[in-house]
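A.B. asks: Structure provided below as structure tokens; questions to follow.
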Amino acid sequence: MKKLFFVRSGSTCRMLRILAAAMLLLPVNLQPVRASRQDAGAKSSLTVKMKDATLSSVFAEVERTSRYAFIYTDDVRPLLDRRVSVSVRSATIDELLSAVLKGTELTGRVRGNQVIISKAPARKNAAVTPPPFRLRIPVGKSSCRGR
């Protein structure tokens, strides 16, 4: 009578050992990959050096070299022709946006991998004080006489 489940040949034993070792090492190999992906998203640094370039070309360069995508509406598009010079090294996306959008009427907001460019809300002027109230009393020939 043959035993079907416990075959003890040399090649089969060696294959089972390799398979067992692979099963033990598989979770160990996958763990660092997951951790590095999370770290890369949290600590992304940008290096951009452009001189006299339009805002749209700066945004295109950042899109090309990073994981960020810029989103803007049609009313913002004409404002992206403004020329800027930027030189940042190992900066976060927020630092880059503050350097590029400084002095413009645009603002940037980061949501995950998307950067939303919009017009800055209109600033409310300081409380406007009305002109002082002046009471005008006509000067005339009227007189008051009493008893």
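Going by the structure tokens order, chains are called A, B, ..., each with residues numbered from 1, while ligands are numbered from 1 in the order shown.
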Got a sec: who's within 10 Å of Met50 in chain A, counting only C-alpha atoms, leaving out chain neighbours fewer than 6 positions off, as a VMD selection string?

C.D. replies: chain A and resid 57 to 58 61 84 to 88

A.B. asks: Residues within 8 Å of range 75-80 of chain A, please, as number ranges by chain. Count only C-alpha atoms; anything in the same chain fewer than 6 positions from it doesn't count.

C.D. replies: A: 54-56, 106, 117-119

A.B. asks: Just the number, please: distance in Å from CA of Arg67 in chain A to CA of Arg89 in chain A, one decimal.

C.D. replies: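 Computed distance, CA of Arg67 in chain A to CA of Arg89 in chain A, equals 16.6 Å.
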
A.B. asks: Mind checking which residues fall within 12 Å of Phe59 in chain A, counting only C-alpha atoms, ignoring those fewer than 6 positions away in the same chain, and posting them as a list in words?

C.D. replies: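 Residues meeting the cut-off are Leu46, Val48, Met50, Ala53, Thr65, Ser66, Arg67, Tyr68, Ala69, Phe70, Ile71, Tyr72, Leu80, Asp81, Val84, Val86, Ile93, Leu96, Leu97, Val100, Leu101, Gly108, Gln114, Val115, Ile116 and Ile117 of chain A.
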
A.B. asks: Can you write just those residues out, N, CA, C and O atoms, as a compact mmCIF listing (two decimals), in the first residue's frame?

C.D. replies:
```txt
# COMPACT_ATOMS: atom_id res chain seq x y z
N LEU A 46 9.96 69.47 -2.43
CA LEU A 46 10.02 69.95 -3.80
C LEU A 46 11.22 70.86 -3.98
O LEU A 46 11.54 71.66 -3.10
N VAL A 48 12.41 73.52 -6.89
CA VAL A 48 12.05 74.20 -8.13
C VAL A 48 12.91 75.44 -8.25
O VAL A 48 13.01 76.23 -7.31
N MET A 50 13.20 78.33 -11.17
CA MET A 50 12.79 78.87 -12.46
C MET A 50 12.88 80.39 -12.39
O MET A 50 12.54 80.99 -11.39
N ALA A 53 9.40 82.89 -15.26
CA ALA A 53 8.49 81.91 -15.85
C ALA A 53 7.06 82.26 -15.46
O ALA A 53 6.82 82.90 -14.44
N THR A 65 7.25 66.82 -11.70
CA THR A 65 8.26 66.27 -10.80
C THR A 65 7.71 65.78 -9.47
O THR A 65 8.48 65.32 -8.64
N SER A 66 6.41 65.89 -9.26
CA SER A 66 5.85 65.45 -7.98
C SER A 66 4.54 64.74 -8.21
O SER A 66 4.13 64.49 -9.34
N ARG A 67 3.86 64.46 -7.14
CA ARG A 67 2.59 63.74 -7.20
C ARG A 67 1.40 64.68 -7.18
O ARG A 67 0.26 64.25 -7.16
N TYR A 68 1.63 65.99 -7.19
CA TYR A 68 0.55 66.97 -7.07
C TYR A 68 -0.04 67.33 -8.43
O TYR A 68 0.66 67.36 -9.43
N ALA A 69 -1.35 67.61 -8.43
CA ALA A 69 -2.06 68.07 -9.63
C ALA A 69 -2.73 69.39 -9.28
O ALA A 69 -3.33 69.53 -8.22
N PHE A 70 -2.59 70.38 -10.15
CA PHE A 70 -3.15 71.71 -9.91
C PHE A 70 -4.50 71.83 -10.59
O PHE A 70 -4.67 71.44 -11.75
N ILE A 71 -5.45 72.40 -9.86
CA ILE A 71 -6.81 72.58 -10.36
C ILE A 71 -7.16 74.05 -10.22
O ILE A 71 -6.95 74.64 -9.17
N TYR A 72 -7.68 74.64 -11.31
CA TYR A 72 -8.13 76.02 -11.26
C TYR A 72 -9.26 76.21 -12.25
O TYR A 72 -9.42 75.45 -13.19
N LEU A 80 -2.80 83.36 -14.54
CA LEU A 80 -1.66 82.45 -14.54
C LEU A 80 -0.58 82.85 -15.54
O LEU A 80 0.46 82.21 -15.62
N ASP A 81 -0.81 83.93 -16.31
CA ASP A 81 0.19 84.42 -17.24
C ASP A 81 1.21 85.34 -16.58
O ASP A 81 2.13 85.80 -17.23
N VAL A 84 6.92 85.02 -12.77
CA VAL A 84 7.53 84.97 -11.44
C VAL A 84 8.88 84.29 -11.55
O VAL A 84 9.16 83.56 -12.49
N VAL A 86 11.21 81.83 -9.05
CA VAL A 86 11.12 81.05 -7.82
C VAL A 86 12.35 80.16 -7.71
O VAL A 86 12.83 79.61 -8.71
N ILE A 93 4.93 71.71 -0.20
CA ILE A 93 4.04 72.32 -1.19
C ILE A 93 3.48 73.64 -0.67
O ILE A 93 3.31 74.59 -1.43
N LEU A 96 6.14 76.31 -1.12
CA LEU A 96 6.25 76.66 -2.54
C LEU A 96 5.10 77.56 -2.96
O LEU A 96 5.31 78.57 -3.64
N LEU A 97 3.89 77.24 -2.54
CA LEU A 97 2.74 78.07 -2.90
C LEU A 97 2.85 79.47 -2.33
O LEU A 97 2.54 80.45 -3.00
N VAL A 100 5.39 81.36 -4.50
CA VAL A 100 4.97 81.64 -5.87
C VAL A 100 3.80 82.61 -5.92
O VAL A 100 3.76 83.50 -6.76
N LEU A 101 2.86 82.46 -5.01
CA LEU A 101 1.63 83.27 -5.06
C LEU A 101 1.74 84.56 -4.27
O LEU A 101 0.76 85.30 -4.19
N GLY A 108 -3.75 79.30 -2.72
CA GLY A 108 -3.69 77.87 -2.99
C GLY A 108 -4.06 77.07 -1.75
O GLY A 108 -3.72 77.45 -0.63
N GLN A 114 -4.13 67.05 -4.61
CA GLN A 114 -4.63 68.14 -5.44
C GLN A 114 -4.34 69.48 -4.80
O GLN A 114 -4.49 69.65 -3.59
N VAL A 115 -3.94 70.43 -5.63
CA VAL A 115 -3.73 71.81 -5.19
C VAL A 115 -4.76 72.65 -5.92
O VAL A 115 -4.78 72.71 -7.15
N ILE A 116 -5.62 73.30 -5.15
CA ILE A 116 -6.71 74.09 -5.72
C ILE A 116 -6.30 75.55 -5.70
O ILE A 116 -6.07 76.13 -4.63
N ILE A 117 -6.20 76.15 -6.88
CA ILE A 117 -5.82 77.56 -7.02
C ILE A 117 -7.11 78.35 -7.26
O ILE A 117 -7.88 78.03 -8.16
```

A.B. asks: Report, in Å to a single decimal, how far apart CA of Asp52 in chain A and CA of Pro121 in chain A are.

C.D. replies: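 Between these atoms lies a distance of 26.5 Å.
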